[in-house]
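Peer 1: The structure file entry.txt (compact mmCIF, C-alpha atoms) is provided below.
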```txt
# COMPACT_ATOMS: atom_id res chain seq x y z
CA MET A 1 111.65 86.07 70.10
CA GLY A 2 109.74 88.29 67.71
CA GLU A 3 107.39 89.44 70.46
CA PHE A 4 107.93 93.15 69.98
CA PHE A 5 108.15 95.14 66.78
CA GLN A 6 109.36 98.69 66.37
CA ILE A 7 106.85 101.10 64.82
CA THR A 8 108.17 104.42 63.49
CA GLU A 9 105.86 107.26 62.55
CA GLN A 10 107.64 109.18 59.82
CA CYS A 11 106.13 112.70 60.19
CA SER A 12 106.87 113.03 63.91
CA GLY A 13 109.90 110.79 63.90
CA GLN A 14 108.51 109.03 66.98
CA SER A 15 108.99 105.32 67.56
CA PHE A 16 107.29 102.85 69.86
CA HIS A 17 107.11 99.14 70.50
CA CYS A 18 104.15 97.00 69.54
CA LYS A 19 103.52 93.50 70.85
CA ALA A 20 102.63 90.73 68.41
CA GLY A 21 98.84 90.68 68.17
CA GLN A 22 98.47 94.25 69.45
CA SER A 23 97.13 97.02 67.22
CA VAL A 24 99.57 99.78 66.27
CA LEU A 25 97.24 102.44 67.68
CA LYS A 26 96.81 100.67 71.00
CA ALA A 27 100.58 100.26 71.33
CA MET A 28 101.06 103.97 70.63
CA GLU A 29 98.43 104.98 73.18
CA SER A 30 99.82 102.67 75.84
CA GLN A 31 103.20 104.43 75.55
CA GLY A 32 101.63 107.88 75.95
CA LEU A 33 102.34 109.03 72.39
CA LYS A 34 100.03 111.05 70.17
CA CYS A 35 101.66 110.89 66.74
CA VAL A 36 98.53 109.26 65.23
CA PRO A 37 95.10 110.76 66.03
CA VAL A 38 92.89 108.47 68.11
CA GLY A 39 89.24 108.14 67.12
CA CYS A 40 86.85 105.25 67.71
CA ARG A 41 89.56 102.54 67.95
CA GLY A 42 87.15 100.22 66.13
CA GLY A 43 87.95 100.61 62.42
CA GLY A 44 84.88 102.78 61.90
CA CYS A 45 85.72 106.48 61.81
CA GLY A 46 88.92 106.71 59.75
CA PHE A 47 90.57 109.13 62.19
CA CYS A 48 93.75 107.05 62.61
CA LYS A 49 94.42 106.54 58.90
CA VAL A 50 98.09 105.94 58.10
CA THR A 51 100.10 104.82 55.12
CA VAL A 52 102.40 101.90 55.80
CA LEU A 53 105.67 102.68 53.99
CA SER A 54 107.47 99.48 54.90
CA GLY A 55 106.92 96.25 56.78
CA ASP A 56 104.34 93.46 56.94
CA TYR A 57 101.17 93.38 58.98
CA GLU A 58 97.76 91.77 59.28
CA CYS A 59 94.52 93.73 59.03
CA GLY A 60 91.33 93.50 61.04
CA LYS A 61 87.95 94.65 59.74
CA MET A 62 87.87 98.32 58.72
CA SER A 63 85.17 100.53 57.27
CA ARG A 64 85.42 100.23 53.49
CA VAL A 65 84.62 103.93 53.23
CA HIS A 66 87.87 104.80 54.98
CA ALA A 67 89.94 101.87 53.76
CA PRO A 68 88.67 100.70 50.36
CA GLU A 69 90.32 97.50 49.12
CA GLU A 70 92.46 99.35 46.54
CA ALA A 71 93.72 101.76 49.19
CA GLN A 72 94.34 98.95 51.65
CA ALA A 73 96.43 97.19 48.99
CA LYS A 74 98.58 100.35 48.78
CA GLY A 75 99.08 100.37 52.54
CA GLU A 76 96.49 103.04 53.34
CA VAL A 77 94.95 101.54 56.47
CA LEU A 78 93.62 102.37 59.93
CA ALA A 79 96.21 102.12 62.69
CA CYS A 80 93.63 100.70 65.12
CA ARG A 81 93.15 97.67 62.88
CA ILE A 82 96.68 96.71 61.84
CA TYR A 83 98.76 94.14 63.68
CA PRO A 84 102.49 94.11 62.83
CA LEU A 85 104.35 91.01 61.68
CA THR A 86 107.65 92.92 61.28
CA ASP A 87 108.94 96.39 62.20
CA LEU A 88 106.85 99.04 60.43
CA ILE A 89 107.37 102.56 59.15
CA VAL A 90 104.06 104.40 58.90
CA GLU A 91 103.12 107.92 57.89
CA CYS A 92 100.23 109.70 59.47
CA ARG A 93 97.92 111.75 57.29
CA PRO A 94 97.22 115.28 58.49
CA GLN A 95 93.60 115.73 59.64
CA PRO A 96 91.47 118.77 58.79
CA ALA A 97 90.63 120.75 61.92
CA ALA A 98 87.11 120.24 63.22
CA THR A 99 84.82 123.23 63.41
CA LEU A 100 81.27 123.97 64.39
CA THR A 101 81.06 127.10 62.24
CA PRO A 102 78.51 126.69 59.48
CA HIS A 103 79.75 127.48 56.00
CA ALA A 104 76.37 127.52 54.33
CA MET B 1 52.00 121.37 67.91
CA ARG B 2 52.13 117.63 68.52
CA LYS B 3 51.15 115.58 65.46
CA GLY B 4 50.89 112.04 66.83
CA VAL B 5 54.56 111.02 66.83
CA MET B 6 55.12 109.29 70.20
CA ARG B 7 58.73 108.24 70.61
CA PRO B 8 61.88 106.82 69.05
CA GLY B 9 60.80 103.31 68.04
CA HIS B 10 63.96 101.83 66.59
CA VAL B 11 67.39 102.41 65.14
CA GLN B 12 69.13 100.14 62.64
CA ILE B 13 72.90 100.22 63.13
CA ARG B 14 75.49 98.82 60.71
CA VAL B 15 78.29 96.78 62.26
CA LEU B 16 81.45 95.25 60.77
CA ASP B 17 81.26 91.98 62.73
CA MET B 18 77.94 90.69 64.01
CA ASP B 19 79.28 88.37 66.70
CA GLU B 20 81.40 91.12 68.26
CA ALA B 21 78.50 93.57 68.00
CA VAL B 22 75.99 91.24 69.65
CA LYS B 23 78.42 90.62 72.49
CA HIS B 24 78.77 94.39 72.96
CA TYR B 25 75.10 95.34 72.80
CA LYS B 26 73.86 92.28 74.70
CA ASP B 27 76.53 91.39 77.26
CA LEU B 28 77.94 94.88 77.87
CA LEU B 29 75.00 97.27 77.39
CA GLY B 30 72.60 94.66 78.68
CA LEU B 31 70.07 94.82 75.86
CA ILE B 32 67.91 91.73 75.41
CA GLU B 33 68.26 89.79 72.15
CA VAL B 34 64.72 89.11 70.98
CA ASP B 35 65.01 87.80 67.42
CA ARG B 36 67.05 87.35 64.24
CA ASP B 37 65.89 87.38 60.62
CA ASP B 38 66.82 85.67 57.35
CA GLN B 39 68.95 88.68 56.38
CA GLY B 40 71.09 87.97 59.44
CA ARG B 41 69.89 91.04 61.30
CA VAL B 42 69.74 90.83 65.08
CA TYR B 43 66.90 92.47 67.03
CA LEU B 44 67.32 93.75 70.60
CA LYS B 45 65.55 95.90 73.18
CA GLY B 46 66.02 97.51 76.58
CA TRP B 47 64.16 95.65 79.30
CA THR B 48 61.62 98.44 80.04
CA GLU B 49 60.49 98.80 76.44
CA VAL B 50 57.04 97.40 75.69
CA ASP B 51 57.52 96.90 71.95
CA LYS B 52 59.29 93.78 70.75
CA PHE B 53 62.52 95.51 69.62
CA SER B 54 64.20 98.90 69.40
CA VAL B 55 67.71 98.17 68.10
CA VAL B 56 68.43 96.27 64.89
CA LEU B 57 72.01 95.36 63.98
CA ARG B 58 72.98 94.70 60.36
CA GLN B 59 76.41 93.49 59.27
CA ALA B 60 77.95 95.68 56.55
CA ASP B 61 81.30 96.92 55.21
CA GLU B 62 80.75 100.39 56.64
CA PRO B 63 79.47 101.16 60.15
CA GLY B 64 76.89 103.89 60.81
CA MET B 65 73.13 104.26 60.98
CA ASP B 66 70.76 102.88 58.33
CA PHE B 67 67.68 104.63 59.72
CA MET B 68 65.89 105.74 62.86
CA GLY B 69 62.15 105.09 63.24
CA PHE B 70 59.54 106.95 65.27
CA LYS B 71 56.42 105.23 66.55
CA CYS B 72 53.13 107.08 65.97
CA LEU B 73 49.76 106.86 67.71
CA SER B 74 47.90 105.25 64.81
CA GLU B 75 48.02 104.18 61.16
CA GLU B 76 45.87 107.25 60.39
CA VAL B 77 48.65 109.44 61.77
CA VAL B 78 51.16 107.64 59.52
CA ASP B 79 48.92 108.27 56.47
CA GLN B 80 48.56 111.93 57.39
CA LEU B 81 52.31 112.36 57.93
CA ARG B 82 53.10 110.53 54.68
CA GLY B 83 51.10 113.13 52.76
CA GLU B 84 52.67 116.04 54.60
CA LEU B 85 56.20 114.66 54.21
CA ALA B 86 55.74 114.40 50.44
CA GLU B 87 54.24 117.88 50.36
CA PHE B 88 57.26 119.19 52.29
CA GLY B 89 59.41 117.81 49.47
CA CYS B 90 60.90 114.76 51.15
CA GLU B 91 61.78 111.68 49.21
CA VAL B 92 59.25 109.19 50.65
CA GLU B 93 59.41 105.39 50.42
CA ASP B 94 56.85 102.83 51.59
CA VAL B 95 58.44 99.91 53.41
CA PRO B 96 56.04 96.95 53.56
CA GLU B 97 54.81 95.23 56.71
CA GLY B 98 57.16 92.45 57.80
CA GLU B 99 60.36 93.94 56.28
CA LEU B 100 61.35 94.23 59.92
CA LYS B 101 60.01 91.17 61.74
CA ASP B 102 56.76 91.81 63.66
CA CYS B 103 56.67 95.44 62.53
CA GLY B 104 53.91 96.99 60.44
CA ARG B 105 54.42 99.11 57.34
CA ARG B 106 56.78 102.03 57.67
CA VAL B 107 57.03 105.29 55.77
CA ARG B 108 60.68 106.14 55.19
CA PHE B 109 61.91 109.62 54.28
CA ILE B 110 65.21 111.43 53.91
CA ALA B 111 65.69 114.52 56.08
CA PRO B 112 67.61 117.55 54.76
CA THR B 113 70.59 116.39 56.86
CA GLY B 114 70.73 113.29 54.63
CA HIS B 115 69.57 110.83 57.29
CA ALA B 116 66.87 108.23 56.68
CA PHE B 117 63.98 108.29 59.15
CA GLU B 118 60.77 106.31 59.38
CA VAL B 119 57.35 106.70 60.90
CA PHE B 120 55.28 103.65 61.77
CA ALA B 121 52.44 102.78 64.12
CA THR B 122 52.34 99.00 64.44
CA LYS B 123 54.87 96.73 66.13
CA LYS B 124 54.29 93.57 68.13
CA GLN B 125 54.11 94.38 71.83
CA THR B 126 55.77 91.80 74.03
CA GLY B 127 55.73 93.93 77.18
CA LYS B 128 58.48 94.89 79.57
CA TRP B 129 61.03 92.07 79.54
CA GLY B 130 60.81 89.79 82.55
CA VAL B 131 58.19 91.80 84.45
CA GLY B 132 55.20 92.44 82.18
CA ASN B 133 52.47 94.88 83.21
CA HIS B 134 50.40 92.93 85.75
CA ASN B 135 51.66 93.32 89.33
CA PRO B 136 55.13 93.95 87.90
CA GLU B 137 58.22 93.58 90.07
CA ALA B 138 60.66 96.52 90.20
CA TRP B 139 63.10 94.96 87.77
CA PRO B 140 63.73 91.55 86.27
CA MET B 141 66.37 89.07 87.41
CA GLY B 142 69.00 88.09 84.89
CA LEU B 143 69.93 91.44 83.36
CA GLU B 144 73.49 91.73 82.04
CA GLY B 145 76.15 94.44 81.99
CA MET B 146 74.96 98.05 82.13
CA LYS B 147 71.31 96.93 82.27
CA ALA B 148 70.31 99.62 79.75
CA THR B 149 66.61 100.35 80.24
CA ARG B 150 65.68 101.73 76.82
CA PHE B 151 66.92 103.12 73.51
CA ASP B 152 66.50 106.83 74.15
CA HIS B 153 67.70 109.04 71.25
CA CYS B 154 70.28 109.54 68.51
CA LEU B 155 72.60 112.48 67.83
CA LEU B 156 73.19 112.92 64.12
CA TYR B 157 75.54 115.17 62.12
CA GLY B 158 74.65 116.78 58.80
CA PRO B 159 73.91 120.01 56.91
CA ASN B 160 70.68 122.05 56.55
CA LEU B 161 69.67 122.30 60.20
CA ASP B 162 67.08 125.04 59.53
CA GLU B 163 65.21 122.95 56.96
CA THR B 164 65.48 119.92 59.23
CA LEU B 165 63.96 121.86 62.12
CA ASP B 166 61.12 122.98 59.82
CA LEU B 167 60.51 119.35 58.88
CA PHE B 168 60.58 117.95 62.41
CA ARG B 169 58.62 120.84 63.97
CA ASP B 170 56.05 121.68 61.30
CA VAL B 171 55.47 118.26 59.72
CA LEU B 172 56.22 115.81 62.53
CA GLY B 173 55.21 117.94 65.54
CA PHE B 174 58.53 117.91 67.42
CA GLU B 175 59.56 120.87 69.59
CA LEU B 176 62.92 122.60 69.81
CA ALA B 177 64.00 121.90 73.40
CA GLU B 178 67.61 123.12 73.27
CA GLN B 179 69.88 124.82 70.75
CA VAL B 180 73.41 126.14 70.28
CA ILE B 181 73.74 129.46 68.47
CA ALA B 182 76.94 130.67 66.73
CA PRO B 183 78.02 134.34 66.99
CA ASP B 184 76.60 135.01 63.52
CA GLY B 185 73.17 133.85 64.71
CA LYS B 186 73.25 130.47 62.96
CA ARG B 187 71.87 127.50 64.89
CA VAL B 188 74.65 124.90 64.91
CA ALA B 189 73.00 122.33 67.19
CA GLN B 190 69.35 121.48 67.82
CA PHE B 191 67.80 119.07 70.31
CA LEU B 192 64.26 118.07 69.39
CA THR B 193 61.58 116.30 71.38
CA ALA B 194 58.23 114.69 70.62
CA SER B 195 57.65 114.00 74.31
CA MET B 196 58.64 115.34 77.74
CA LYS B 197 62.20 114.10 77.28
CA ALA B 198 64.96 116.66 76.69
CA HIS B 199 65.64 115.06 73.33
CA ASP B 200 64.24 112.33 71.14
CA VAL B 201 66.63 113.22 68.32
CA ALA B 202 69.40 115.83 68.08
CA PHE B 203 71.39 117.31 65.21
CA ILE B 204 74.74 119.07 64.99
CA HIS B 205 75.80 121.02 61.92
CA HIS B 206 78.32 119.18 59.75
CA GLU B 207 79.13 119.64 56.06
CA GLU B 208 79.05 115.93 55.23
CA PRO B 209 75.47 114.58 55.23
CA ALA B 210 74.05 111.53 56.99
CA LYS B 211 76.73 111.01 59.65
CA PHE B 212 76.05 109.10 62.86
CA HIS B 213 77.36 110.50 66.15
CA HIS B 214 75.74 108.20 68.69
CA ALA B 215 72.82 106.11 69.81
CA SER B 216 71.95 106.67 73.45
CA PHE B 217 70.51 104.37 76.10
CA PHE B 218 68.92 105.37 79.39
CA LEU B 219 70.11 104.25 82.82
CA GLU B 220 68.36 104.95 86.10
CA THR B 221 71.03 106.66 88.19
CA TRP B 222 74.45 108.34 88.25
CA GLN B 223 75.68 105.26 90.13
CA ASP B 224 74.64 103.18 87.12
CA VAL B 225 76.70 105.49 84.86
CA LEU B 226 79.74 104.95 87.11
CA LYS B 227 79.20 101.18 87.02
CA ALA B 228 78.93 101.41 83.22
CA ALA B 229 82.35 103.10 83.25
CA ASP B 230 83.70 100.25 85.41
CA LEU B 231 82.36 97.73 82.92
CA LEU B 232 84.00 99.57 80.02
CA SER B 233 87.37 99.35 81.76
CA MET B 234 86.81 95.72 82.80
CA THR B 235 86.16 94.80 79.18
CA ASP B 236 88.84 97.14 77.73
CA THR B 237 86.14 98.85 75.65
CA SER B 238 87.06 102.08 73.81
CA ILE B 239 85.90 105.05 75.92
CA ASP B 240 85.37 108.44 74.27
CA ILE B 241 84.79 110.60 77.37
CA GLY B 242 83.24 110.46 80.79
CA PRO B 243 81.73 109.82 83.21
CA THR B 244 80.71 113.49 83.21
CA ARG B 245 77.67 115.73 82.87
CA HIS B 246 76.34 117.52 79.80
CA GLY B 247 75.49 121.22 79.97
CA LEU B 248 72.95 120.69 77.20
CA THR B 249 70.09 118.68 78.80
CA HIS B 250 72.22 118.30 82.00
CA GLY B 251 72.25 114.52 81.67
CA GLN B 252 74.95 112.47 83.43
CA THR B 253 76.77 110.55 80.78
CA ILE B 254 79.54 108.40 79.40
CA TYR B 255 80.42 107.97 75.72
CA PHE B 256 82.10 104.90 74.32
CA PHE B 257 82.38 102.97 71.06
CA ASP B 258 81.01 99.67 69.86
CA PRO B 259 83.52 97.25 68.25
CA SER B 260 82.79 98.76 64.81
CA GLY B 261 83.46 102.32 65.93
CA ASN B 262 79.85 103.45 66.32
CA ARG B 263 79.57 105.73 69.34
CA ASN B 264 77.17 104.80 72.15
CA GLU B 265 76.07 106.80 75.16
CA VAL B 266 74.52 105.67 78.40
CA PHE B 267 73.11 108.44 80.55
CA ALA B 268 70.91 109.19 83.54
CA GLY B 269 68.87 112.17 84.64
CA GLY B 270 68.50 115.24 82.48
CA ASP B 271 65.98 118.02 81.98
CA TYR B 272 62.36 117.76 80.85
CA HIS B 273 60.39 119.71 78.28
CA TYR B 274 56.75 120.79 78.07
CA PRO B 275 55.18 122.32 74.94
CA ASP B 276 55.04 125.76 76.59
CA HIS B 277 58.78 125.77 77.42
CA GLU B 278 60.95 128.23 75.52
CA PRO B 279 64.00 126.55 73.94
CA VAL B 280 67.10 126.49 76.14
CA THR B 281 69.91 128.33 74.33
CA TRP B 282 73.66 127.84 74.64
CA ASP B 283 76.13 130.20 72.95
CA ALA B 284 78.66 128.47 70.70
CA GLU B 285 81.43 130.23 72.68
CA GLU B 286 80.29 128.12 75.66
CA LEU B 287 80.22 124.92 73.61
CA GLY B 288 82.83 123.16 75.71
CA LYS B 289 80.72 123.62 78.83
CA ALA B 290 77.52 122.89 76.90
CA ILE B 291 78.79 119.51 75.81
CA PHE B 292 81.03 118.53 78.74
CA TYR B 293 79.95 120.51 81.79
CA HIS B 294 82.88 119.58 84.02
CA ASP B 295 85.83 119.64 81.60
CA ARG B 296 84.38 122.81 79.99
CA ALA B 297 86.30 121.88 76.85
CA LEU B 298 85.50 119.67 73.90
CA ASN B 299 87.67 116.72 73.12
CA GLU B 300 88.55 116.78 69.44
CA ARG B 301 86.79 113.49 68.89
CA PHE B 302 83.35 114.91 69.72
CA LEU B 303 83.20 117.01 66.55
CA SER B 304 85.00 114.80 64.10
CA VAL B 305 84.81 111.12 65.00
CA LEU B 306 81.67 109.83 63.29
CA THR B 307 80.47 106.79 61.41
```
Spit out the file's structure as structure tokens when you get a sec.

Peer 2:
Amino acid sequence: MGEFFQITEQCSGQSFHCKAGQSVLKAMESQGLKCVPVGCRGGGCGFCKVTVLSGDYECGKMSRVHAPEEAQAKGEVLACRIYPLTDLIVECRPQPAATLTPHA
Amino acid sequence: MRKGVMRPGHVQIRVLDMDEAVKHYKDLLGLIEVDRDDQGRVYLKGWTEVDKFSVVLRQADEPGMDFMGFKCLSEEVVDQLRGELAEFGCEVEDVPEGELKDCGRRVRFIAPTGHAFEVFATKKQTGKWGVGNHNPEAWPMGLEGMKATRFDHCLLYGPNLDETLDLFRDVLGFELAEQVIAPDGKRVAQFLTASMKAHDVAFIHHEEPAKFHHASFFLETWQDVLKAADLLSMTDTSIDIGPTRHGLTHGQTIYFFDPSGNRNEVFAGGDYHYPDHEPVTWDAEELGKAIFYHDRALNERFLSVLT
């Protein structure tokens, strides 16, 4: 009981299951979905930033640059470092496209 | 013209959790833990390196690189470079002997890309780990994981590549070994060497200063790169891309992440550079092939996932 939680990503409308103790990003990747961008998977790069709109979760260590304590308190966290305790609804933040063109 | 800078001497990397980081760099990469200090920093090295340490880990709230240091031929060289760095307009700071354990004084400066670098000449030499330099065996028993042989280079992201090339070439005596040129003629990537290696430090243009792309460690063979990939899967470590080959430098490579999200590379092979070699040039239109020679396409992470 309580071994799987349902994670819904609001922008894409996609849902997936996440095991207790598994990170939301890892669960998404293991089900072949791409609704949250995958970066370092280590809480360092900020690529997988999401806002948790509802539900409870635990957090692992995240770079304070990408998840300052105030932001974390508002649910702005990195999907690779959150572990659900209930079903979650998250919203992925759009990422700026990468470019190698210099603007200077 | 060479100015007495010999090689990358050390890199200090910030990690979110020291125990996890030590397990990664020691058990998985196979670096040797050589010391710890009263700040809690952990010192490591690849087994072929003669100096006492080349990688320093520091626990912090934000991963990334604190600084990269280059070892010079003598203290006189460091004095000379200190003067020229200040004259160039760099912010220069003197770091006293002993701030890093068993390391002499260092001269720290900020490059136009925003990264902190150091030059130094004195560090305790403990010799190649497990074999020494008197009738040495081929390799030591007891190496772990990928058996990384040495810290080789860093790739760093930031602005002002032209000024940074001026600094590294004219002040520090590096040479431009390889470059990527955009259609408008701007250099968007530069691979610099102070030795015969294809790169001792590399830069890619990025608007945000002082970003860390990866620290790279040298392996002997392509087979070792494949075994490194096996180890990454065995340990469920986050892989970025590979095993593959780079077009730039032609090294055989795999990229992965440490537990704090800092990217690492292990690689084998690669081109060499002499002072009379013209720079190798890649067109930005061929960037996919330049970075990942087999896929011939960049993964999105390469340009944007940084610490």

Peer 1: Given all atoms listed in the file as the basis, pick out the residue of B:Met141, B:Met65, B:Leu303, B:Ala111 nearest to chain A.

Peer 2: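 Closest to chain A, using all atoms listed in the file: B:Leu303.
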
Peer 1: Take CA of Ile181 in chain B and CA of Ala284 in chain B and report the distance between them in Å, one decimal.

Peer 2: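 Answer for the CA of Ile181 in chain B to CA of Ala284 in chain B separation: 5.5 Å.
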
Peer 1: Near chain A, which residues of chain B fall within 9 Å when you count only C-alpha atoms, and what do they look like as an mmCIF file with C-alpha atoms, keeping the file's coordinate frame?

Peer 2:
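Writing done, so here's selection.cif:
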```cif
data_model
loop_
_atom_site.group_PDB
_atom_site.id
_atom_site.type_symbol
_atom_site.label_atom_id
_atom_site.label_comp_id
_atom_site.auth_asym_id
_atom_site.auth_seq_id
_atom_site.Cartn_x
_atom_site.Cartn_y
_atom_site.Cartn_z
ATOM 1 C CA VAL B 15 78.290 96.780 62.260
ATOM 2 C CA LEU B 16 81.450 95.250 60.770
ATOM 3 C CA ASP B 17 81.260 91.980 62.730
ATOM 4 C CA ALA B 60 77.950 95.680 56.550
ATOM 5 C CA ASP B 61 81.300 96.920 55.210
ATOM 6 C CA GLU B 62 80.750 100.390 56.640
ATOM 7 C CA PRO B 63 79.470 101.160 60.150
ATOM 8 C CA GLY B 64 76.890 103.890 60.810
ATOM 9 C CA PRO B 159 73.910 120.010 56.910
ATOM 10 C CA ASN B 160 70.680 122.050 56.550
ATOM 11 C CA ALA B 182 76.940 130.670 66.730
ATOM 12 C CA LYS B 186 73.250 130.470 62.960
ATOM 13 C CA ARG B 187 71.870 127.500 64.890
ATOM 14 C CA VAL B 188 74.650 124.900 64.910
ATOM 15 C CA ALA B 189 73.000 122.330 67.190
ATOM 16 C CA ILE B 204 74.740 119.070 64.990
ATOM 17 C CA HIS B 205 75.800 121.020 61.920
ATOM 18 C CA HIS B 206 78.320 119.180 59.750
ATOM 19 C CA GLU B 207 79.130 119.640 56.060
ATOM 20 C CA SER B 238 87.060 102.080 73.810
ATOM 21 C CA ILE B 239 85.900 105.050 75.920
ATOM 22 C CA ASP B 240 85.370 108.440 74.270
ATOM 23 C CA PHE B 256 82.100 104.900 74.320
ATOM 24 C CA PHE B 257 82.380 102.970 71.060
ATOM 25 C CA ASP B 258 81.010 99.670 69.860
ATOM 26 C CA PRO B 259 83.520 97.250 68.250
ATOM 27 C CA SER B 260 82.790 98.760 64.810
ATOM 28 C CA GLY B 261 83.460 102.320 65.930
ATOM 29 C CA ASN B 262 79.850 103.450 66.320
ATOM 30 C CA ARG B 263 79.570 105.730 69.340
ATOM 31 C CA ALA B 284 78.660 128.470 70.700
ATOM 32 C CA GLU B 300 88.550 116.780 69.440
ATOM 33 C CA ARG B 301 86.790 113.490 68.890
ATOM 34 C CA LEU B 303 83.200 117.010 66.550
ATOM 35 C CA SER B 304 85.000 114.800 64.100
ATOM 36 C CA VAL B 305 84.810 111.120 65.000
ATOM 37 C CA LEU B 306 81.670 109.830 63.290
ATOM 38 C CA THR B 307 80.470 106.790 61.410
#
```

Peer 1: Give me, please, the distance in Å between CA of Gly132 in chain B and CA of Phe53 in chain B, quoted to one decimal.

Peer 2: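 Rounded to one decimal, the two atoms are 14.9 Å apart.
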
Peer 1: Skip Asp230 in chain B itself and residues of its chain fewer than 3 positions away, then list as a PyMOL selection string all residues within 12 Å of it, counting only C-alpha atoms.

Peer 2: chain B and resi 28+145-146+223-227+233-237+239+242-243+254

Peer 1: Compare A:Arg93, A:Gln72, A:Cys11, A:Phe16 by their minimum atom-to-atom distance to Gly32 in chain A, counting all atoms listed in the file, and give me the closest one.

Peer 2: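 With all atoms listed in the file as the atom set, the closest residue is A:Phe16.
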
Peer 1: Rounded to one decimal in Å, what is the spacing between CA of Thr244 in chain B and CA of Lys26 in chain A?

Peer 2: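 Interatomic distance here is 23.9 Å.
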
Peer 1: Can you tell me which residues surround Thr122 in chain B at a distance of at most 8 Å, considering all atoms listed in the file, apart from same-chain residues fewer than 3 positions away, and format the answer as a ChimeraX atom specification?

Peer 2: /B:71,74-75,103-105

Peer 1: Residues within 7 Å of range 77-87 of chain A, please, as a list in words. Count all atoms listed in the file; anything in the same chain fewer than 6 positions from it doesn't count.

Peer 2: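 My list of contacting residues is Phe5, Gln6, Ile7, Ala20, Gly21, Gln22, Ser23, Val24, Leu25, Lys26, Arg41, Gly42, Gly43, Gly46, Cys48, Lys49, Val50, Thr51, Gly55, Asp56, Tyr57, Glu58, Cys59, Gly60, Lys61, Met62 and Ala67 of chain A.
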
Peer 1: Next, the residues of the selection above should be written as a PDB file, in the coordinates of the input with C-alpha atoms.

Peer 2:
```
ATOM      1  CA  PHE A   5     108.150  95.140  66.780  1.00  0.00           C
ATOM      2  CA  GLN A   6     109.360  98.690  66.370  1.00  0.00           C
ATOM      3  CA  ILE A   7     106.850 101.100  64.820  1.00  0.00           C
ATOM      4  CA  ALA A  20     102.630  90.730  68.410  1.00  0.00           C
ATOM      5  CA  GLY A  21      98.840  90.680  68.170  1.00  0.00           C
ATOM      6  CA  GLN A  22      98.470  94.250  69.450  1.00  0.00           C
ATOM      7  CA  SER A  23      97.130  97.020  67.220  1.00  0.00           C
ATOM      8  CA  VAL A  24      99.570  99.780  66.270  1.00  0.00           C
ATOM      9  CA  LEU A  25      97.240 102.440  67.680  1.00  0.00           C
ATOM     10  CA  LYS A  26      96.810 100.670  71.000  1.00  0.00           C
ATOM     11  CA  ARG A  41      89.560 102.540  67.950  1.00  0.00           C
ATOM     12  CA  GLY A  42      87.150 100.220  66.130  1.00  0.00           C
ATOM     13  CA  GLY A  43      87.950 100.610  62.420  1.00  0.00           C
ATOM     14  CA  GLY A  46      88.920 106.710  59.750  1.00  0.00           C
ATOM     15  CA  CYS A  48      93.750 107.050  62.610  1.00  0.00           C
ATOM     16  CA  LYS A  49      94.420 106.540  58.900  1.00  0.00           C
ATOM     17  CA  VAL A  50      98.090 105.940  58.100  1.00  0.00           C
ATOM     18  CA  THR A  51     100.100 104.820  55.120  1.00  0.00           C
ATOM     19  CA  GLY A  55     106.920  96.250  56.780  1.00  0.00           C
ATOM     20  CA  ASP A  56     104.340  93.460  56.940  1.00  0.00           C
ATOM     21  CA  TYR A  57     101.170  93.380  58.980  1.00  0.00           C
ATOM     22  CA  GLU A  58      97.760  91.770  59.280  1.00  0.00           C
ATOM     23  CA  CYS A  59      94.520  93.730  59.030  1.00  0.00           C
ATOM     24  CA  GLY A  60      91.330  93.500  61.040  1.00  0.00           C
ATOM     25  CA  LYS A  61      87.950  94.650  59.740  1.00  0.00           C
ATOM     26  CA  MET A  62      87.870  98.320  58.720  1.00  0.00           C
ATOM     27  CA  ALA A  67      89.940 101.870  53.760  1.00  0.00           C
TER      28      ALA A  67
END
```

Peer 1: Using only C-alpha atoms for the distances, tell me which of B:Glu87, B:Asp27, B:Asp94, B:Glu20 is nearest to Arg106 in chain B.

Peer 2: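 Closest to Arg106 in chain B of all the choices is B:Asp94.
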
Peer 1: Taking (101.8, 109.2, 64.6) in the file's own coordinates, collect the residues within 9 Å, counting only C-alpha atoms, and hand them back as a list in words.

Peer 2: Thr8, Glu9, Gln10, Cys11, Ser12, Gly13, Gln14, Ser15, Leu25, Met28, Leu33, Lys34, Cys35, Val36, Pro37, Cys48, Val50, Val90, Glu91, Cys92 and Arg93 of chain A

Peer 1: Using only C-alpha atoms, list the residues that have an atom at most 12 Å from (71.5, 124.0, 69.4), coordinates as in the file, as a PyMOL selection string.

Peer 2: (chain A and resi 100) or (chain B and resi 155+161-162+165+176-182+185-192+199+201-205+247-249+279-284+286-287+290-291)

Peer 1: For Leu88 in chain A, which residue out of A:Glu3, A:Ser30, A:Val52, A:Glu69 is the nearest one, using all atoms listed in the file?

Peer 2: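 Among the listed residues, the smallest separation from Leu88 in chain A belongs to A:Val52.
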
Peer 1: With only C-alpha atoms as the basis for distance, which of B:Asp51, B:Asp37, B:Glu220, B:Glu97 is at the shortest distance from Trp139 in chain B?

Peer 2: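 Looking only at the distances to Trp139 in chain B, the closest residue turns out to be B:Glu220.
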
Peer 1: Could you give me, as a list of chain:residue names, the residues within 8 Å of Glu175 in chain B, counting all atoms listed in the file and dropping anything in the same chain fewer than 4 positions from it?

Peer 2: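 Once the nearby chain positions are removed, what remains is B:Met1, B:Phe168, B:Arg169, B:Leu192, B:Thr193, B:Ala194, B:Pro275.
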
Peer 1: Atoms to include: C-alpha atoms. Write the selected residues as a short mmCIF file (atom, residue, chain, number, x, y, z; two decimals), in the frame of the given file.

Peer 2:
```
data_model
loop_
_atom_site.label_atom_id
_atom_site.label_comp_id
_atom_site.auth_asym_id
_atom_site.auth_seq_id
_atom_site.Cartn_x
_atom_site.Cartn_y
_atom_site.Cartn_z
CA MET B 1 52.00 121.37 67.91
CA PHE B 168 60.58 117.95 62.41
CA ARG B 169 58.62 120.84 63.97
CA LEU B 192 64.26 118.07 69.39
CA THR B 193 61.58 116.30 71.38
CA ALA B 194 58.23 114.69 70.62
CA PRO B 275 55.18 122.32 74.94
#
```
